[in-house]
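Trainee: The following file, my_file_4.cif, comprises mmCIF, C-alpha atoms and all ligand atoms:
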data_structure
#
loop_
_atom_site.group_PDB
_atom_site.id
_atom_site.type_symbol
_atom_site.label_atom_id
_atom_site.label_comp_id
_atom_site.auth_asym_id
_atom_site.auth_seq_id
_atom_site.Cartn_x
_atom_site.Cartn_y
_atom_site.Cartn_z
ATOM 1 C CA MET M 1 -4.564 -21.233 62.117
ATOM 2 C CA SER M 2 -3.481 -17.996 63.726
ATOM 3 C CA ALA M 3 -5.116 -14.793 62.485
ATOM 4 C CA ASP M 4 -2.026 -12.811 63.509
ATOM 5 C CA ILE M 5 0.143 -11.340 60.775
ATOM 6 C CA VAL M 6 3.098 -13.658 60.249
ATOM 7 C CA HIS M 7 6.632 -12.282 60.426
ATOM 8 C CA ALA M 8 8.603 -15.523 60.539
ATOM 9 C CA SER M 9 10.244 -17.904 58.087
ATOM 10 C CA ASP M 10 10.000 -21.666 58.035
ATOM 11 C CA ARG M 11 13.773 -21.630 57.537
ATOM 12 C CA GLY M 12 14.378 -20.177 60.988
ATOM 13 C CA ALA M 13 16.510 -17.275 62.145
ATOM 14 C CA ARG M 14 18.437 -16.807 58.880
ATOM 15 C CA GLY M 15 15.505 -17.585 56.650
ATOM 16 C CA VAL M 16 14.287 -15.068 54.091
ATOM 17 C CA ASN M 17 10.801 -15.089 52.569
ATOM 18 C CA ILE M 18 10.793 -13.589 49.099
ATOM 19 C CA THR M 19 7.318 -12.256 48.306
ATOM 20 C CA ILE M 20 6.223 -11.029 44.876
ATOM 21 C CA ASP M 21 3.092 -8.876 44.681
ATOM 22 C CA ASP M 22 0.392 -7.636 42.325
ATOM 23 C CA GLY M 23 0.784 -10.042 39.397
ATOM 24 C CA PRO M 24 0.759 -12.252 37.577
ATOM 25 C CA ASP M 25 1.898 -10.183 34.619
ATOM 26 C CA PRO M 26 2.712 -11.637 31.189
ATOM 27 C CA VAL M 27 5.909 -9.578 30.795
ATOM 28 C CA TRP M 28 7.412 -9.634 34.288
ATOM 29 C CA THR M 29 6.265 -12.801 36.000
ATOM 30 C CA PRO M 30 8.151 -15.107 33.594
ATOM 31 C CA GLN M 31 11.331 -13.059 34.141
ATOM 32 C CA VAL M 32 10.968 -13.238 37.910
ATOM 33 C CA LEU M 33 10.331 -16.979 37.671
ATOM 34 C CA ARG M 34 13.543 -17.382 35.672
ATOM 35 C CA VAL M 35 15.668 -15.542 38.245
ATOM 36 C CA LEU M 36 14.158 -17.545 41.082
ATOM 37 C CA ARG M 37 14.753 -20.805 39.216
ATOM 38 C CA ASP M 38 18.344 -19.885 38.372
ATOM 39 C CA ASN M 39 19.004 -19.307 42.076
ATOM 40 C CA GLY M 40 17.014 -22.259 43.374
ATOM 41 C CA VAL M 41 14.755 -19.945 45.363
ATOM 42 C CA LYS M 42 11.091 -20.583 46.202
ATOM 43 C CA ALA M 43 8.899 -17.537 46.756
ATOM 44 C CA THR M 44 5.368 -16.514 47.652
ATOM 45 C CA PHE M 45 3.304 -14.788 44.957
ATOM 46 C CA CYS M 46 0.584 -12.462 46.226
ATOM 47 C CA MET M 47 -1.793 -12.331 43.299
ATOM 48 C CA VAL M 48 -4.570 -9.917 42.428
ATOM 49 C CA GLY M 49 -7.731 -11.824 41.522
ATOM 50 C CA THR M 50 -8.379 -10.091 38.213
ATOM 51 C CA GLN M 51 -4.756 -10.666 37.150
ATOM 52 C CA ALA M 52 -4.945 -14.353 38.052
ATOM 53 C CA GLU M 53 -8.183 -14.712 36.121
ATOM 54 C CA ALA M 54 -6.631 -13.030 33.063
ATOM 55 C CA HIS M 55 -3.438 -15.133 33.134
ATOM 56 C CA PRO M 56 -4.208 -18.643 34.408
ATOM 57 C CA ASP M 57 -1.205 -20.036 32.509
ATOM 58 C CA LEU M 58 1.087 -17.903 34.655
ATOM 59 C CA VAL M 59 -0.640 -18.939 37.879
ATOM 60 C CA LYS M 60 -0.117 -22.567 36.902
ATOM 61 C CA ALA M 61 3.543 -21.881 36.039
ATOM 62 C CA VAL M 62 4.098 -20.330 39.467
ATOM 63 C CA VAL M 63 2.597 -23.364 41.194
ATOM 64 C CA ALA M 64 4.441 -25.840 38.962
ATOM 65 C CA ALA M 65 7.761 -24.241 39.939
ATOM 66 C CA GLY M 66 7.086 -24.928 43.612
ATOM 67 C CA HIS M 67 6.131 -21.435 44.714
ATOM 68 C CA ARG M 68 3.192 -20.644 46.974
ATOM 69 C CA LEU M 69 0.118 -18.531 46.321
ATOM 70 C CA CYS M 70 -1.203 -15.649 48.377
ATOM 71 C CA ASP M 71 -4.576 -13.887 48.057
ATOM 72 C CA HIS M 72 -3.999 -10.166 47.388
ATOM 73 C CA THR M 73 -7.740 -9.371 46.877
ATOM 74 C CA VAL M 74 -9.817 -8.871 43.766
ATOM 75 C CA SER M 75 -8.971 -5.272 42.924
ATOM 76 C CA HIS M 76 -6.171 -4.082 45.226
ATOM 77 C CA ASP M 77 -8.136 -1.425 47.094
ATOM 78 C CA THR M 78 -5.656 0.008 49.619
ATOM 79 C CA ALA M 79 -8.534 1.702 51.477
ATOM 80 C CA MET M 80 -10.478 -1.503 51.994
ATOM 81 C CA ASP M 81 -9.890 -1.342 55.738
ATOM 82 C CA THR M 82 -12.243 1.682 55.864
ATOM 83 C CA LYS M 83 -15.056 -0.157 54.063
ATOM 84 C CA PRO M 84 -17.815 -2.466 55.278
ATOM 85 C CA GLU M 85 -17.100 -6.044 56.257
ATOM 86 C CA SER M 86 -19.283 -7.277 53.391
ATOM 87 C CA TYR M 87 -16.971 -5.478 50.963
ATOM 88 C CA GLN M 88 -13.832 -6.822 52.601
ATOM 89 C CA SER M 89 -15.309 -10.302 52.515
ATOM 90 C CA ARG M 90 -16.031 -10.121 48.780
ATOM 91 C CA GLN M 91 -12.550 -8.767 48.045
ATOM 92 C CA ILE M 92 -10.915 -11.666 49.873
ATOM 93 C CA LEU M 93 -13.200 -14.595 49.093
ATOM 94 C CA ASP M 94 -13.803 -13.753 45.439
ATOM 95 C CA ALA M 95 -10.039 -13.453 44.903
ATOM 96 C CA GLU M 96 -9.493 -16.755 46.681
ATOM 97 C CA HIS M 97 -11.856 -18.399 44.210
ATOM 98 C CA MET M 98 -10.369 -16.616 41.184
ATOM 99 C CA ILE M 99 -6.832 -17.656 42.120
ATOM 100 C CA THR M 100 -7.838 -21.230 42.940
ATOM 101 C CA ARG M 101 -9.717 -21.566 39.663
ATOM 102 C CA ALA M 102 -6.786 -20.135 37.695
ATOM 103 C CA SER M 103 -4.296 -22.448 39.388
ATOM 104 C CA GLY M 104 -6.337 -25.546 38.613
ATOM 105 C CA GLY M 105 -7.307 -26.128 42.243
ATOM 106 C CA VAL M 106 -4.265 -25.071 44.263
ATOM 107 C CA ARG M 107 -5.441 -22.727 46.998
ATOM 108 C CA PRO M 108 -3.674 -19.607 48.267
ATOM 109 C CA GLN M 109 -2.039 -20.267 51.643
ATOM 110 C CA TYR M 110 -1.727 -16.628 52.710
ATOM 111 C CA TYR M 111 -3.654 -13.394 52.604
ATOM 112 C CA ARG M 112 -1.924 -10.042 52.180
ATOM 113 C CA ALA M 113 -4.036 -6.887 52.375
ATOM 114 C CA PRO M 114 -3.230 -4.307 49.679
ATOM 115 C CA GLY M 115 -0.937 -1.691 51.182
ATOM 116 C CA GLY M 116 -1.180 -3.539 54.481
ATOM 117 C CA ALA M 117 -4.830 -2.500 54.937
ATOM 118 C CA PHE M 118 -5.649 -5.341 57.303
ATOM 119 C CA THR M 119 -8.502 -5.291 59.781
ATOM 120 C CA PRO M 120 -9.118 -7.725 62.639
ATOM 121 C CA TYR M 121 -12.171 -8.909 60.687
ATOM 122 C CA SER M 122 -10.265 -9.529 57.437
ATOM 123 C CA ARG M 123 -7.470 -11.334 59.268
ATOM 124 C CA ARG M 124 -9.934 -13.656 60.985
ATOM 125 C CA LEU M 125 -11.836 -14.266 57.739
ATOM 126 C CA ALA M 126 -8.643 -15.143 55.863
ATOM 127 C CA ALA M 127 -7.448 -17.450 58.627
ATOM 128 C CA SER M 128 -10.822 -19.214 58.654
ATOM 129 C CA ARG M 129 -10.185 -20.045 54.986
ATOM 130 C CA GLY M 130 -6.703 -21.391 55.729
ATOM 131 C CA MET M 131 -4.916 -18.238 54.581
ATOM 132 C CA ARG M 132 -2.410 -16.880 57.101
ATOM 133 C CA PRO M 133 -2.268 -13.069 57.157
ATOM 134 C CA LEU M 134 1.068 -12.086 55.641
ATOM 135 C CA GLY M 135 2.915 -8.838 56.261
ATOM 136 C CA TRP M 136 6.424 -7.754 55.359
ATOM 137 C CA ASN M 137 9.579 -6.616 57.148
ATOM 138 C CA VAL M 138 11.565 -5.143 54.274
ATOM 139 C CA ASP M 139 9.883 -2.870 51.731
ATOM 140 C CA THR M 140 12.278 -2.659 48.793
ATOM 141 C CA LYS M 141 10.264 0.256 47.328
ATOM 142 C CA ASP M 142 10.851 -1.382 43.958
ATOM 143 C CA PHE M 143 7.436 -0.095 42.922
ATOM 144 C CA GLU M 144 8.874 3.433 42.835
ATOM 145 C CA ARG M 145 11.779 2.384 40.580
ATOM 146 C CA PRO M 146 14.584 3.843 42.718
ATOM 147 C CA GLY M 147 17.235 2.049 40.643
ATOM 148 C CA THR M 148 18.528 -1.496 40.822
ATOM 149 C CA ALA M 149 21.384 -0.590 43.175
ATOM 150 C CA ALA M 150 19.014 1.099 45.612
ATOM 151 C CA ILE M 151 16.717 -1.921 45.695
ATOM 152 C CA VAL M 152 19.681 -4.224 46.330
ATOM 153 C CA ALA M 153 21.022 -1.911 49.059
ATOM 154 C CA THR M 154 17.650 -1.761 50.816
ATOM 155 C CA VAL M 155 17.475 -5.538 50.980
ATOM 156 C CA GLU M 156 21.075 -5.912 52.165
ATOM 157 C CA ASN M 157 20.748 -3.179 54.795
ATOM 158 C CA GLN M 158 17.339 -4.139 56.137
ATOM 159 C CA VAL M 159 17.331 -7.933 55.958
ATOM 160 C CA GLY M 160 18.073 -7.945 59.688
ATOM 161 C CA ASN M 161 14.662 -6.322 60.317
ATOM 162 C CA GLY M 162 12.867 -9.583 59.690
ATOM 163 C CA PRO M 163 12.494 -12.317 57.116
ATOM 164 C CA THR M 164 9.807 -11.164 54.699
ATOM 165 C CA VAL M 165 10.909 -9.032 51.737
ATOM 166 C CA LEU M 166 8.438 -7.274 49.435
ATOM 167 C CA PHE M 167 8.895 -7.094 45.657
ATOM 168 C CA HIS M 168 6.466 -6.571 42.751
ATOM 169 C CA ASP M 169 6.058 -8.286 39.390
ATOM 170 C CA ALA M 170 3.336 -6.034 37.964
ATOM 171 C CA GLY M 171 2.048 -2.466 37.918
ATOM 172 C CA GLY M 172 4.605 -1.037 35.498
ATOM 173 C CA ASP M 173 8.156 -1.593 34.270
ATOM 174 C CA ARG M 174 9.692 -4.072 36.733
ATOM 175 C CA SER M 175 13.061 -4.476 35.020
ATOM 176 C CA GLN M 176 14.812 -3.010 38.097
ATOM 177 C CA THR M 177 13.112 -5.619 40.267
ATOM 178 C CA VAL M 178 14.284 -8.441 38.026
ATOM 179 C CA ALA M 179 17.844 -7.088 37.937
ATOM 180 C CA ALA M 180 17.880 -6.535 41.701
ATOM 181 C CA LEU M 181 16.727 -10.081 42.414
ATOM 182 C CA ARG M 182 19.478 -11.410 40.164
ATOM 183 C CA GLU M 183 22.078 -9.515 42.197
ATOM 184 C CA VAL M 184 20.772 -9.849 45.705
ATOM 185 C CA LEU M 185 19.743 -13.499 45.882
ATOM 186 C CA PRO M 186 23.315 -14.846 45.524
ATOM 187 C CA ARG M 187 24.626 -12.159 47.911
ATOM 188 C CA LEU M 188 22.174 -13.159 50.626
ATOM 189 C CA LYS M 189 23.135 -16.785 50.128
ATOM 190 C CA GLN M 190 26.808 -15.847 50.560
ATOM 191 C CA ARG M 191 25.880 -14.152 53.838
ATOM 192 C CA GLY M 192 24.379 -17.386 55.127
ATOM 193 C CA TYR M 193 20.715 -16.711 54.494
ATOM 194 C CA SER M 194 18.432 -19.354 53.064
ATOM 195 C CA PHE M 195 15.085 -18.916 51.371
ATOM 196 C CA GLY M 196 11.780 -20.302 52.485
ATOM 197 C CA PHE M 197 8.159 -19.561 53.143
ATOM 198 C CA PRO M 198 6.344 -17.548 55.782
ATOM 199 C CA VAL M 199 5.251 -19.744 58.678
ATOM 200 C CA ARG M 200 1.609 -20.779 58.416
HETATM 201 ZN ZN ZN O 301 0.078 -4.952 46.324
#
Once you've parsed the file, please lay out its structure as structure tokens.
Ligand SMILES: [Zn+2]
Mentor:
Amino acid sequence: MSADIVHASDRGARGVNITIDDGPDPVWTPQVLRVLRDNGVKATFCMVGTQAEAHPDLVKAVVAAGHRLCDHTVSHDTAMDTKPESYQSRQILDAEHMITRASGGVRPQYYRAPGGAFTPYSRRLAASRGMRPLGWNVDTKDFERPGTAAIVATVENQVGNGPTVLFHDAGGDRSQTVAALREVLPRLKQRGYSFGFPVR
């Protein structure tokens, strides 16, 4: 497997990869799952190890719905790229085990560094475990709660930048994220986009 950060969709040129970060969360993950189901969309969930460990039922629900898992480290340290390799290794491998245990044996297929804090070492380590390093092309900034309309507009205006779109289902009130997904998924479909997974 390549250790390069993937910026492609398995659905080709008009494919969109919906990615959902920082959960699972007992309030927001079920709502995101409902919107995805209602629109027939499969997504990639980048889970924090401690969250996965705390909510194994949600990890299993994500897998059962046909979505894919992504390792988003144990504790979401956005400065991990400045820390020793031994630390980076623990953050990645411990989370891999926590997520796999919570899912009932389904392994994460991607690795996304918190805040994009990749290093060549962490990318190679993840790839050696079968987890393709995963970046993003469209940052919806949903984490900052700019309003549902702003999140929708960012996706619609920037979807031409590349296939992978970043959303969050934890870390605070994500009602704008849920509402934005409900609006933007059908609109993208109308524009001829289809939804898939990052290439592995
Ligand atoms: Zn994150």
Trainee: Which residue, M:Tyr87, M:Tyr193, M:Tyr121, M:Tyr111, has the smallest gap to ligand ZN 301 (chain O) when you use only C-alpha atoms and all ligand atoms?
Mentor: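 Result for the nearest residue to ligand ZN 301 (chain O): M:Tyr111.
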Trainee: Choose the residue, out of M:Gly147, M:Pro114, M:Pro120, M:Gly66, that has the smallest atom-to-atom separation from Leu33 (chain M); count all atoms listed in the file.
Mentor: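 When distances to Leu33 (chain M) are compared using all atoms listed in the file, the smallest one comes from M:Gly66.
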Trainee: Taking all atoms listed in the file into account, which of M:Val199, M:Leu58, M:Val165, M:Ala113 comes nearest ligand ZN 301 (chain O)?
Mentor: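 Once distances to ligand ZN 301 (chain O) are computed over all atoms listed in the file, the minimum belongs to M:Ala113.
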Trainee: For the file shown, report as a list in words the outcome of the PyMOL selection byres (((chain M and resi 65) around 10) and not hetatm) at residue level.
Mentor: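 Going through the file, the PyMOL selection byres (((chain M and resi 65) around 10) and not hetatm) ends up selecting Leu33, Arg34, Leu36, Arg37, Val41, Lys42, Ala43, Lys60, Ala61, Val62, Val63, Ala64, Gly66, His67 and Arg68 of chain M.
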Trainee: Which residues come within 12 Å of Thr100 (chain M), counting all atoms listed in the file, excluding same-chain residues fewer than 3 positions away, as number ranges by chain?
Mentor: M: 47-49, 52-53, 56, 59-60, 63, 68-71, 93-97, 103-109
Trainee: Report as a PyMOL selection string which protein, DNA and RNA residues come within 12 Å of ligand ZN 301 (chain O), using all atoms listed in the file.
Mentor: chain M and resi 19-24+45-49+51+70-78+111-117+134-136+139+141-143+166-171
Trainee: Just the selected residues (C-alpha atoms), exported as a PDB file, keeping the file's coordinate frame, please.
Mentor:
ATOM      1  CA  THR M  19       7.318 -12.256  48.306  1.00  0.00           C
ATOM      2  CA  ILE M  20       6.223 -11.029  44.876  1.00  0.00           C
ATOM      3  CA  ASP M  21       3.092  -8.876  44.681  1.00  0.00           C
ATOM      4  CA  ASP M  22       0.392  -7.636  42.325  1.00  0.00           C
ATOM      5  CA  GLY M  23       0.784 -10.042  39.397  1.00  0.00           C
ATOM      6  CA  PRO M  24       0.759 -12.252  37.577  1.00  0.00           C
ATOM      7  CA  PHE M  45       3.304 -14.788  44.957  1.00  0.00           C
ATOM      8  CA  CYS M  46       0.584 -12.462  46.226  1.00  0.00           C
ATOM      9  CA  MET M  47      -1.793 -12.331  43.299  1.00  0.00           C
ATOM     10  CA  VAL M  48      -4.570  -9.917  42.428  1.00  0.00           C
ATOM     11  CA  GLY M  49      -7.731 -11.824  41.522  1.00  0.00           C
ATOM     12  CA  GLN M  51      -4.756 -10.666  37.150  1.00  0.00           C
ATOM     13  CA  CYS M  70      -1.203 -15.649  48.377  1.00  0.00           C
ATOM     14  CA  ASP M  71      -4.576 -13.887  48.057  1.00  0.00           C
ATOM     15  CA  HIS M  72      -3.999 -10.166  47.388  1.00  0.00           C
ATOM     16  CA  THR M  73      -7.740  -9.371  46.877  1.00  0.00           C
ATOM     17  CA  VAL M  74      -9.817  -8.871  43.766  1.00  0.00           C
ATOM     18  CA  SER M  75      -8.971  -5.272  42.924  1.00  0.00           C
ATOM     19  CA  HIS M  76      -6.171  -4.082  45.226  1.00  0.00           C
ATOM     20  CA  ASP M  77      -8.136  -1.425  47.094  1.00  0.00           C
ATOM     21  CA  THR M  78      -5.656   0.008  49.619  1.00  0.00           C
ATOM     22  CA  TYR M 111      -3.654 -13.394  52.604  1.00  0.00           C
ATOM     23  CA  ARG M 112      -1.924 -10.042  52.180  1.00  0.00           C
ATOM     24  CA  ALA M 113      -4.036  -6.887  52.375  1.00  0.00           C
ATOM     25  CA  PRO M 114      -3.230  -4.307  49.679  1.00  0.00           C
ATOM     26  CA  GLY M 115      -0.937  -1.691  51.182  1.00  0.00           C
ATOM     27  CA  GLY M 116      -1.180  -3.539  54.481  1.00  0.00           C
ATOM     28  CA  ALA M 117      -4.830  -2.500  54.937  1.00  0.00           C
ATOM     29  CA  LEU M 134       1.068 -12.086  55.641  1.00  0.00           C
ATOM     30  CA  GLY M 135       2.915  -8.838  56.261  1.00  0.00           C
ATOM     31  CA  TRP M 136       6.424  -7.754  55.359  1.00  0.00           C
ATOM     32  CA  ASP M 139       9.883  -2.870  51.731  1.00  0.00           C
ATOM     33  CA  LYS M 141      10.264   0.256  47.328  1.00  0.00           C
ATOM     34  CA  ASP M 142      10.851  -1.382  43.958  1.00  0.00           C
ATOM     35  CA  PHE M 143       7.436  -0.095  42.922  1.00  0.00           C
ATOM     36  CA  LEU M 166       8.438  -7.274  49.435  1.00  0.00           C
ATOM     37  CA  PHE M 167       8.895  -7.094  45.657  1.00  0.00           C
ATOM     38  CA  HIS M 168       6.466  -6.571  42.751  1.00  0.00           C
ATOM     39  CA  ASP M 169       6.058  -8.286  39.390  1.00  0.00           C
ATOM     40  CA  ALA M 170       3.336  -6.034  37.964  1.00  0.00           C
ATOM     41  CA  GLY M 171       2.048  -2.466  37.918  1.00  0.00           C
TER      42      GLY M 171
END
Trainee: For CA of Ser175 (chain M) and CA of Thr44 (chain M), quote the distance in Å rounded to one decimal.
Mentor: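 These atoms are spaced 19.1 Å apart.
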Trainee: As an NGL selection string, please: the residues near Gly162 (chain M) (cut-off 9 Å, only C-alpha atoms, same-chain neighbours under 4 positions excluded).
Mentor: :M and (7-9 or 13 or 15-16 or 136-138 or 158)
Trainee: Which of these, M:Ile92, M:Leu188, M:Val178, M:Ala54, has the shortest distance to Ser128 (chain M) once you count all atoms listed in the file?
Mentor: M:Ile92
Trainee: I'd like to know which of M:His55, M:Arg132, M:Arg187, M:Lys83 is closest to Asp25 (chain M), using all atoms listed in the file.
Mentor: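 Of M:His55, M:Arg132, M:Arg187, M:Lys83, the one nearest Asp25 (chain M) is M:His55, counting all atoms listed in the file.
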Trainee: Using all atoms listed in the file, can you tell me which of M:Ile151, M:Met98, M:Trp28, M:Pro198 comes closest to Met131 (chain M)?
Mentor: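 Result for the nearest residue to Met131 (chain M): M:Pro198.
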Trainee: Any idea what the distance is between CA of Phe197 (chain M) and CA of Thr119 (chain M)?
Mentor: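 Spanning CA of Phe197 (chain M) to CA of Thr119 (chain M) is a straight-line distance of 22.9 Å.
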Trainee: Taking the point (15.4, -14.1, 39.1) as given in the file, collect each protein or nucleic acid residue that comes within 10 Å of it, counting all atoms listed in the file, and present the set as a list in words.
Mentor: Thr29, Pro30, Gln31, Val32, Leu33, Arg34, Val35, Leu36, Arg37, Asp38, Asn39, Gly40, Val41, Thr177, Val178, Ala179, Ala180, Leu181, Arg182, Glu183, Val184 and Leu185 of chain M
